[in-house]
Structure formats: structure tokens, C-alpha cells
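Heads up, query14.cif below (mmCIF, C-alpha atoms (C1' of nucleotides)):
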data_input
#
loop_
_atom_site.label_atom_id
_atom_site.label_comp_id
_atom_site.auth_asym_id
_atom_site.auth_seq_id
_atom_site.Cartn_x
_atom_site.Cartn_y
_atom_site.Cartn_z
CA MET A 9 6.18 -3.89 21.60
CA ILE A 10 5.53 -1.77 18.60
CA LEU A 11 8.09 0.74 17.54
CA VAL A 12 6.45 3.92 16.51
CA THR A 13 8.52 6.93 15.75
CA LYS A 14 6.96 10.32 15.48
CA VAL A 15 8.33 11.88 12.36
CA GLN A 16 7.60 15.15 10.72
CA ASN A 17 3.92 15.41 10.21
CA GLY A 18 2.96 11.88 11.02
CA TYR A 19 4.54 8.62 11.91
CA MET A 20 7.10 6.40 10.30
CA ARG A 21 5.47 3.21 9.20
CA SER A 22 7.13 1.45 12.06
CA ASP A 23 4.49 -0.97 13.11
CA PHE A 24 6.98 -3.66 12.63
CA PRO A 25 6.60 -6.82 14.60
CA PRO A 26 9.61 -8.07 16.47
CA TYR A 27 10.57 -11.18 14.62
CA ARG A 28 9.46 -14.39 16.24
CA PRO A 29 9.63 -17.78 14.61
CA GLU A 30 6.04 -18.66 15.38
CA MET A 31 4.90 -15.91 13.07
CA GLN A 32 5.77 -18.21 10.21
CA ALA A 33 3.01 -20.49 11.39
CA ASN A 34 0.14 -18.37 10.23
CA VAL A 35 0.43 -16.02 7.30
CA PHE A 36 -3.14 -14.95 7.72
CA ARG A 37 -2.54 -13.02 10.84
CA ARG A 38 -1.85 -9.39 10.32
CA ARG A 39 1.73 -8.61 11.23
CA CYS A 40 3.06 -11.77 9.68
CA PRO A 41 6.38 -11.36 7.88
CA SER A 42 4.94 -11.14 4.40
CA ASN A 43 2.54 -8.42 5.35
CA ALA A 44 5.34 -6.61 7.07
CA VAL A 45 7.37 -6.72 3.88
CA LEU A 46 4.43 -5.55 1.86
CA ASP A 47 3.97 -2.68 4.25
CA MET A 48 7.62 -1.89 3.76
CA ILE A 49 7.47 -1.49 0.01
CA ALA A 50 3.80 -1.01 -0.70
CA ASP A 51 3.57 2.66 0.04
CA LYS A 52 3.40 5.05 -2.82
CA TRP A 53 7.08 5.61 -3.43
CA SER A 54 9.27 2.85 -2.03
CA ALA A 55 9.15 0.61 -5.05
CA PRO A 56 10.06 3.26 -7.60
CA ILE A 57 12.89 4.49 -5.42
CA ILE A 58 14.31 1.04 -4.88
CA SER A 59 14.06 0.33 -8.58
CA ARG A 60 15.78 3.55 -9.37
CA LEU A 61 18.64 2.73 -7.00
CA LYS A 62 19.30 -0.72 -8.34
CA ASN A 63 22.02 0.50 -10.68
CA GLY A 64 24.06 2.30 -8.07
CA LYS A 65 24.09 5.26 -5.74
CA LEU A 66 22.14 8.37 -6.52
CA ARG A 67 21.83 11.78 -4.97
CA HIS A 68 18.68 13.21 -3.45
CA GLY A 69 18.23 15.53 -6.38
CA GLU A 70 18.79 12.84 -8.94
CA LEU A 71 16.11 10.69 -7.41
CA LEU A 72 13.77 13.61 -7.13
CA GLY A 73 14.18 14.52 -10.76
CA SER A 74 13.82 11.02 -12.09
CA ILE A 75 10.58 9.94 -10.50
CA GLU A 76 7.65 11.88 -11.76
CA GLY A 77 5.22 13.22 -9.23
CA LEU A 78 7.51 12.56 -6.30
CA SER A 79 7.67 15.47 -3.90
CA GLN A 80 10.80 16.25 -2.00
CA ARG A 81 8.99 15.76 1.26
CA MET A 82 7.93 12.24 0.40
CA LEU A 83 11.33 11.43 -1.04
CA THR A 84 13.09 12.27 2.19
CA GLN A 85 10.50 10.50 4.27
CA THR A 86 10.55 7.35 2.16
CA LEU A 87 14.32 7.26 2.10
CA ARG A 88 14.43 7.51 5.89
CA ASP A 89 11.96 4.72 6.08
CA LEU A 90 13.97 2.52 3.75
CA GLU A 91 17.11 3.40 5.68
CA SER A 92 15.50 2.45 8.97
CA ASN A 93 14.60 -0.92 7.54
CA GLY A 94 18.15 -1.51 6.42
CA LEU A 95 17.39 -1.37 2.71
CA VAL A 96 19.26 1.80 1.89
CA THR A 97 22.35 3.58 3.17
CA ARG A 98 22.62 7.32 3.39
CA THR A 99 26.01 8.95 2.95
CA VAL A 100 26.66 12.59 3.67
CA TYR A 101 29.66 14.40 2.21
CA PRO A 102 30.20 17.46 4.36
CA VAL A 103 30.94 19.86 1.56
CA VAL A 104 29.28 23.04 0.47
CA PRO A 105 26.88 22.79 -1.06
CA LEU A 106 25.84 19.66 0.75
CA HIS A 107 26.15 16.36 -1.05
CA VAL A 108 24.17 13.32 0.04
CA ASP A 109 23.76 10.07 -1.75
CA TYR A 110 21.77 6.91 -1.29
CA GLU A 111 22.61 3.36 -2.15
CA LEU A 112 20.95 -0.01 -1.77
CA THR A 113 22.34 -2.24 0.93
CA ASP A 114 22.82 -5.93 0.26
CA LEU A 115 19.52 -6.47 1.97
CA GLY A 116 17.88 -3.90 -0.24
CA ARG A 117 19.36 -5.38 -3.37
CA SER A 118 18.22 -8.79 -2.24
CA LEU A 119 14.71 -7.48 -1.73
CA TYR A 120 14.76 -6.04 -5.20
CA ASP A 121 16.09 -9.18 -6.86
CA LYS A 122 13.98 -11.67 -4.97
CA ALA A 123 10.73 -9.84 -4.51
CA LEU A 124 10.38 -6.64 -6.48
CA LYS A 125 11.84 -7.87 -9.74
CA PRO A 126 9.59 -10.94 -9.96
CA LEU A 127 6.65 -8.70 -9.27
CA THR A 128 7.69 -6.26 -11.96
CA HIS A 129 8.22 -9.13 -14.31
CA TRP A 130 4.75 -10.47 -13.66
CA ALA A 131 3.39 -6.99 -14.21
CA MET A 132 5.03 -6.70 -17.60
CA GLU A 133 3.67 -10.04 -18.69
CA HIS A 134 0.14 -9.74 -17.42
CA MET A 135 -0.84 -6.10 -17.51
CA GLY A 136 -2.71 -6.80 -20.70
CA ASP A 137 -4.77 -9.51 -19.04
CA VAL A 138 -5.57 -7.29 -16.13
CA ALA A 139 -6.58 -4.39 -18.32
CA GLN A 140 -8.79 -6.73 -20.28
CA ALA A 141 -10.39 -8.10 -17.13
CA ARG A 142 -11.05 -4.57 -15.97
CA ALA A 143 -12.69 -3.64 -19.22
CA GLU A 144 -14.78 -6.79 -19.12
CA PHE A 145 -15.86 -6.14 -15.55
CA GLU A 146 -16.66 -2.58 -16.39
CA ARG A 147 -18.81 -3.69 -19.30
CA ARG A 148 -20.82 -6.15 -17.19
CA ALA A 149 -21.19 -4.20 -13.99
CA GLY A 150 -21.15 -0.68 -15.35
CA MET B 27 -8.74 7.70 -19.50
CA ILE B 28 -8.87 6.68 -15.91
CA LEU B 29 -11.54 4.30 -14.80
CA VAL B 30 -12.89 5.34 -11.49
CA THR B 31 -15.86 3.56 -10.07
CA LYS B 32 -17.81 5.04 -7.25
CA VAL B 33 -18.41 2.29 -4.76
CA GLN B 34 -20.06 2.28 -1.42
CA ASN B 35 -18.44 4.92 0.65
CA GLY B 36 -15.51 5.73 -1.53
CA TYR B 37 -13.92 4.68 -4.77
CA MET B 38 -12.59 1.42 -6.03
CA ARG B 39 -8.88 1.65 -6.55
CA SER B 40 -9.42 1.78 -10.24
CA ASP B 41 -6.83 4.25 -11.33
CA PHE B 42 -5.57 1.69 -13.69
CA PRO B 43 -3.70 2.76 -16.75
CA PRO B 44 -4.82 1.33 -20.03
CA TYR B 45 -2.04 -0.94 -21.08
CA ARG B 46 0.30 0.48 -23.66
CA PRO B 47 3.59 -1.06 -24.66
CA GLU B 48 5.57 2.12 -24.22
CA MET B 49 4.91 1.99 -20.51
CA GLN B 50 7.49 -0.73 -20.32
CA ALA B 51 10.04 1.81 -21.32
CA ASN B 52 10.13 3.68 -18.06
CA VAL B 53 9.36 2.00 -14.79
CA PHE B 54 9.95 5.23 -12.95
CA ARG B 55 6.84 6.86 -14.17
CA ARG B 56 3.91 6.48 -11.89
CA ARG B 57 1.31 4.29 -13.53
CA CYS B 58 3.86 1.93 -14.96
CA PRO B 59 2.82 -1.72 -14.88
CA SER B 60 4.75 -2.64 -11.77
CA ASN B 61 3.25 0.17 -9.78
CA ALA B 62 -0.16 -0.77 -11.06
CA VAL B 63 0.36 -4.30 -9.80
CA LEU B 64 1.59 -3.04 -6.47
CA ASP B 65 -1.48 -0.87 -6.21
CA MET B 66 -3.54 -3.94 -6.92
CA ILE B 67 -2.21 -6.02 -4.05
CA ALA B 68 -0.69 -3.49 -1.73
CA ASP B 69 -3.79 -2.43 0.07
CA LYS B 70 -4.40 -3.72 3.51
CA TRP B 71 -6.24 -6.94 2.71
CA SER B 72 -5.61 -8.13 -0.84
CA ALA B 73 -2.50 -10.13 -0.07
CA PRO B 74 -3.94 -12.06 2.87
CA ILE B 75 -7.09 -12.82 0.92
CA ILE B 76 -5.21 -14.05 -2.12
CA SER B 77 -3.00 -16.18 0.10
CA ARG B 78 -6.00 -17.59 1.80
CA LEU B 79 -7.60 -18.52 -1.51
CA LYS B 80 -4.59 -20.28 -2.94
CA ASN B 81 -5.79 -23.69 -1.77
CA GLY B 82 -9.20 -23.50 -3.36
CA LYS B 83 -12.54 -21.77 -3.19
CA LEU B 84 -13.83 -20.31 0.03
CA ARG B 85 -17.05 -18.72 1.14
CA HIS B 86 -17.43 -15.17 2.26
CA GLY B 87 -17.82 -16.25 5.85
CA GLU B 88 -14.87 -18.57 5.75
CA LEU B 89 -12.62 -15.81 4.56
CA LEU B 90 -14.02 -13.44 7.12
CA GLY B 91 -13.41 -15.82 9.96
CA SER B 92 -9.91 -16.79 8.95
CA ILE B 93 -8.27 -13.41 8.60
CA GLU B 94 -7.98 -11.62 11.86
CA GLY B 95 -9.01 -8.01 11.99
CA LEU B 96 -10.74 -8.14 8.63
CA SER B 97 -14.12 -6.47 8.68
CA GLN B 98 -16.93 -7.71 6.51
CA ARG B 99 -17.11 -4.37 4.79
CA MET B 100 -13.48 -4.49 3.71
CA LEU B 101 -13.73 -8.11 2.73
CA THR B 102 -16.55 -7.44 0.28
CA GLN B 103 -14.86 -4.36 -1.06
CA THR B 104 -11.51 -6.05 -1.52
CA LEU B 105 -13.08 -9.08 -3.15
CA ARG B 106 -14.92 -6.85 -5.61
CA ASP B 107 -11.68 -5.13 -6.36
CA LEU B 108 -9.86 -8.39 -6.94
CA GLU B 109 -12.74 -9.59 -9.07
CA SER B 110 -12.66 -6.46 -11.19
CA ASN B 111 -8.97 -7.04 -11.84
CA GLY B 112 -9.62 -10.58 -12.94
CA LEU B 113 -7.84 -12.21 -10.03
CA VAL B 114 -10.85 -13.77 -8.36
CA THR B 115 -14.16 -15.22 -9.51
CA ARG B 116 -17.36 -14.84 -7.56
CA THR B 117 -19.95 -17.58 -7.74
CA VAL B 118 -23.44 -17.22 -6.34
CA TYR B 119 -25.60 -20.23 -5.56
CA PRO B 120 -29.17 -19.01 -5.43
CA VAL B 121 -30.21 -21.02 -2.43
CA VAL B 122 -31.55 -20.06 0.94
CA PRO B 123 -29.62 -19.16 2.89
CA LEU B 124 -27.47 -17.55 0.23
CA HIS B 125 -24.22 -19.25 -0.68
CA VAL B 126 -21.39 -17.38 -2.38
CA ASP B 127 -17.88 -18.51 -2.91
CA TYR B 128 -14.70 -17.04 -4.24
CA GLU B 129 -11.89 -18.66 -6.13
CA LEU B 130 -8.64 -17.53 -7.67
CA THR B 131 -8.61 -17.29 -11.45
CA ASP B 132 -5.62 -18.53 -13.38
CA LEU B 133 -4.43 -14.96 -13.46
CA GLY B 134 -4.81 -14.68 -9.72
CA ARG B 135 -2.99 -17.91 -9.12
CA SER B 136 -0.26 -16.77 -11.43
CA LEU B 137 0.06 -13.54 -9.52
CA TYR B 138 0.35 -15.48 -6.32
CA ASP B 139 2.93 -17.92 -7.63
CA LYS B 140 5.06 -15.45 -9.51
CA ALA B 141 4.87 -12.37 -7.35
CA LEU B 142 3.34 -12.88 -3.95
CA LYS B 143 5.01 -16.14 -3.09
CA PRO B 144 8.54 -14.91 -3.85
CA LEU B 145 7.80 -11.89 -1.72
CA THR B 146 6.55 -14.01 1.14
CA HIS B 147 9.56 -16.21 0.78
CA TRP B 148 11.91 -13.26 0.99
CA ALA B 149 10.02 -12.07 4.02
CA MET B 150 10.47 -15.36 5.82
CA GLU B 151 14.17 -15.38 5.10
CA HIS B 152 14.98 -11.79 5.90
CA MET B 153 12.60 -10.62 8.57
CA GLY B 154 15.34 -11.12 11.08
CA ASP B 155 17.71 -8.86 9.17
CA VAL B 156 15.08 -6.20 8.86
CA ALA B 157 14.19 -6.34 12.54
CA GLN B 158 17.86 -6.08 13.38
CA ALA B 159 18.31 -3.11 11.07
CA ARG B 160 15.33 -1.45 12.67
CA ALA B 161 16.70 -1.96 16.14
CA GLU B 162 20.08 -0.65 15.06
CA PHE B 163 18.54 2.41 13.46
CA GLU B 164 16.43 3.00 16.53
CA ARG B 165 19.50 2.83 18.72
CA ARG B 166 21.43 5.37 16.65
CA ALA B 167 18.71 7.82 15.81
CA GLY B 168 16.46 7.45 18.80
"C1'" DC C 27 21.76 21.15 -2.22
"C1'" DT C 28 19.31 18.80 1.29
"C1'" DG C 29 15.72 18.36 4.26
"C1'" DC C 30 12.80 19.68 8.42
"C1'" DA C 31 8.30 22.03 9.94
"C1'" DT C 32 3.39 23.54 9.17
"C1'" DC C 33 -1.04 23.48 7.18
"C1'" DC C 34 -4.57 21.15 4.84
"C1'" DT C 35 -7.10 17.79 2.06
"C1'" DC C 36 -9.05 13.62 1.07
"C1'" DA C 37 -8.99 8.55 0.69
"C1'" DG C 38 -8.81 4.18 3.59
"C1'" DC C 39 -11.17 1.85 6.59
"C1'" DG C 40 -13.42 0.53 11.01
"C1'" DA C 41 -18.13 0.49 13.57
"C1'" DT C 42 -22.65 0.02 13.23
"C1'" DA C 43 -27.13 -0.75 11.54
"C1'" DC C 44 -30.14 -2.41 7.99
"C1'" DT C 45 -31.88 -5.51 3.65
"C1'" DG C 46 -32.86 -9.89 0.71
"C1'" DC D 11 -25.42 -15.89 4.98
"C1'" DA D 12 -24.01 -12.18 2.09
"C1'" DG D 13 -24.09 -7.55 1.09
"C1'" DT D 14 -25.21 -2.31 1.35
"C1'" DA D 15 -25.50 2.39 3.49
"C1'" DT D 16 -23.93 5.97 6.70
"C1'" DC D 17 -20.78 8.21 9.82
"C1'" DG D 18 -16.49 9.55 11.56
"C1'" DC D 19 -11.59 9.16 12.53
"C1'" DT D 20 -6.95 9.06 11.18
"C1'" DG D 21 -3.04 9.23 8.53
"C1'" DA D 22 -0.85 9.52 3.82
"C1'" DG D 23 0.81 12.85 1.31
"C1'" DG D 24 0.88 17.54 -1.51
"C1'" DA D 25 2.17 22.74 -1.15
"C1'" DT D 26 4.85 25.97 0.76
"C1'" DG D 27 8.26 28.15 3.54
"C1'" DC D 28 12.47 28.10 6.33
"C1'" DA D 29 17.41 26.41 7.73
"C1'" DG D 30 22.09 24.38 7.71
#
As C-alpha cells, the full file:
Amino acid sequence: MILVTKVQNGYMRSDFPPYRPEMQANVFRRRCPSNAVLDMIADKWSAPIISRLKNGKLRHGELLGSIEGLSQRMLTQTLRDLESNGLVTRTVYPVVPLHVDYELTDLGRSLYDKALKPLTHWAMEHMGDVAQARAEFERRAG
Amino acid sequence: MILVTKVQNGYMRSDFPPYRPEMQANVFRRRCPSNAVLDMIADKWSAPIISRLKNGKLRHGELLGSIEGLSQRMLTQTLRDLESNGLVTRTVYPVVPLHVDYELTDLGRSLYDKALKPLTHWAMEHMGDVAQARAEFERRAG
DNA sequence: CTGCATCCTCAGCGATACTG
DNA sequence: CAGTATCGCTGAGGATGCAG
């Protein structure tokens, strides 16, 4: 069973496998847990949004303004996606004008601390090496 | 300057920012190091391939056979990409029939240990929570 | 302020066939 | 065995406009 939800223009990235223990057996199959997690945060905007939320709740507009290049369409879509995966909560204050804010769940914070932060950390440390490798490769291969 | 290399049908994912220290200042800009690293491994096949290579060198065919759904076209392309980022080395033995194998560089191994492994680990631990959240969300929102 | 709907473009990638 | 070239589909995602 694959949950696919038609949303807006396309589909939510909902090709999430039901969790079964035997999936741990072979990480080289597509749809293994690690790939599922990558799919969850590897789209264009999830990581920045999660990072941005790590210090507390933010409103739609605050997120939109603080991540360059992010369109409002993709913000909403990504937030829904994160919400559906239990990483973010959405709270609506029924006032006028409308006030909505988003906050990491414990699960979301855990994902940030255990997975995203290490990755960011590695990035900080090794971007130089990567850039150098790229330049080197470029030089050799044209 | 953005390095974009025309390759085969499309482009290598080479929109890599030259490394500059000030990029560390704001992780919410696109093209910050962490996003660059995500871009590096977040495509469909990089992570599985890196995982597969963590135990030592493998031949093209071995990789192809051991990752389900991976086409030979994408394997070559992804390997070139990884190679250009300094994560993988490609060694050609000029024999007949041709023999080529791929191996993680120190940088690649470091990426695996410091970034990919923690992520996989988190995935193993929390896939259940995510699946549950998904089901819950599905139930509420349809 | 928040966010859904529509239109449109272009990159990712699979299938297939061909070379050294 | 390893890799390249071509074709075509599909879906991510930007722009814009409307609604509660």
C-alpha cells in the first residue's frame, strides 16, 4: 500500500513505505527507512525550513521572508508535507487577520539534532575539500 | 560563478557554490554549505551507492546488480557526479573485457560516517513514529 | 495574513539501442 | 563489461491570481 495524496498541482511526496522490521535487513532496496528519510528532507526546501524552526515557532510570513528564493506556494506545500510526517505542528489562531504558526515537534527536533545537524556540521567542515575536488575534476575532465 | 557541466542528456548537478567563509553566516540562504551537501547526496541514487561502497571497492556491474531499480545510465551518471565531488574514485584496468571499479575516498567515507550514517540511524529508530504520524494525518485530513 | 488553484517550464530519469 | 546517445514522460516547482 502506498499512500499517495493528490495535492494542489501534483502529489505529496507520500510514497512512504509502511514500516516493517524486515526493511532494516537491506538498506539497498529502494524504500528502505534511510531512503524514506532522505526523501522526507531532501527536497528543495525541507531542510532550510526545519533549520529555521529549530529555535522556536514561526509564522508563515516569517518563514517566507527569511528563506531566500522560497515561494509561498512551496512554503505551504513543504510545511504540509512536514506536518504530515509528524515533524511540524501547525497552529491556527482564528483572528483577523489570520495568524498561523509552525513549530517543530519532538520528532522534528530529534530529526534535526540527530540527522540534519551532523550533516550541516560535516558540510561546514568539508565544503572546502569538496570545492577543491570539483575544481580538480573540472581541470582534468574539462 | 556556477559550474555547470553539460553531460549526456542533461546537466550534472554542479550548481556548487565556490566555498567562501561568509556562507557559514547564514544557513538559510540557498547555496549554503549544508544545502550544497544535501544536493550532493539527495538525488535518487547517491545515498544507496555510497552505502553500498562503504565496505570497499566494487565494480560497475556489482553496484548495478545490488541496488534494485537502478538503471545503468543513472549509475554511471551518479558515479561521475560523486567522483566530481571527490567522494568516489574511479579506477580503470585496461584489460579485456574492461574492468572498472569504484571506491570511496576518505572524504566520501567521512561523509558516510558523519552524515549519512547518523541519518540512517535516525531512520531506523524513528520510521515507526513517522509512519504513525502519516497514518494519523491521513485519518484527520483524508 | 494565509493559502488554494491554474498554467507552464524544464530537469530527472527510465527505456532502449549502440560502441570499444 | 563499461559507457554513450537519443527519446519521451512525469513531476518539481515558479508566477500569478483568487478567497477566507
Problem - 7 Å contacts from chain C to chain A using all atoms listed in the file, as a VMD selection string - result: chain C and resid 27 to 29 31
Problem - Residue IDs satisfying the PyMOL selection byres ((chain D) within 8 of (chain A)), as a list of chain:residue names - result: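 So the PyMOL selection byres ((chain D) within 8 of (chain A)), applied here, picks out D:DG21, D:DG23, D:DG24.
Each of B:Lys140, B:Lys80, B:Arg135, B:Arg116 was checked against chain A using only C-alpha atoms; the smallest atom-to-atom distance is that of B:Lys140.
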Exercise for the section: Could you list, as a ChimeraX atom specification, the residues of chain A having an atom within 6 Å of chain B when counting all atoms listed in the file? Expected result: /A:27,36-37,41-42,45,50,56,75-76,92-94,123,126-128,131,136,138,141-142,145
Practice task
Give me the result of the PyMOL selection byres ((chain C and resi 44) around 9) on this file, residue by residue, as JSON, numbers by chain.
Solution key: {"C": [43, 45], "D": [14, 15]}
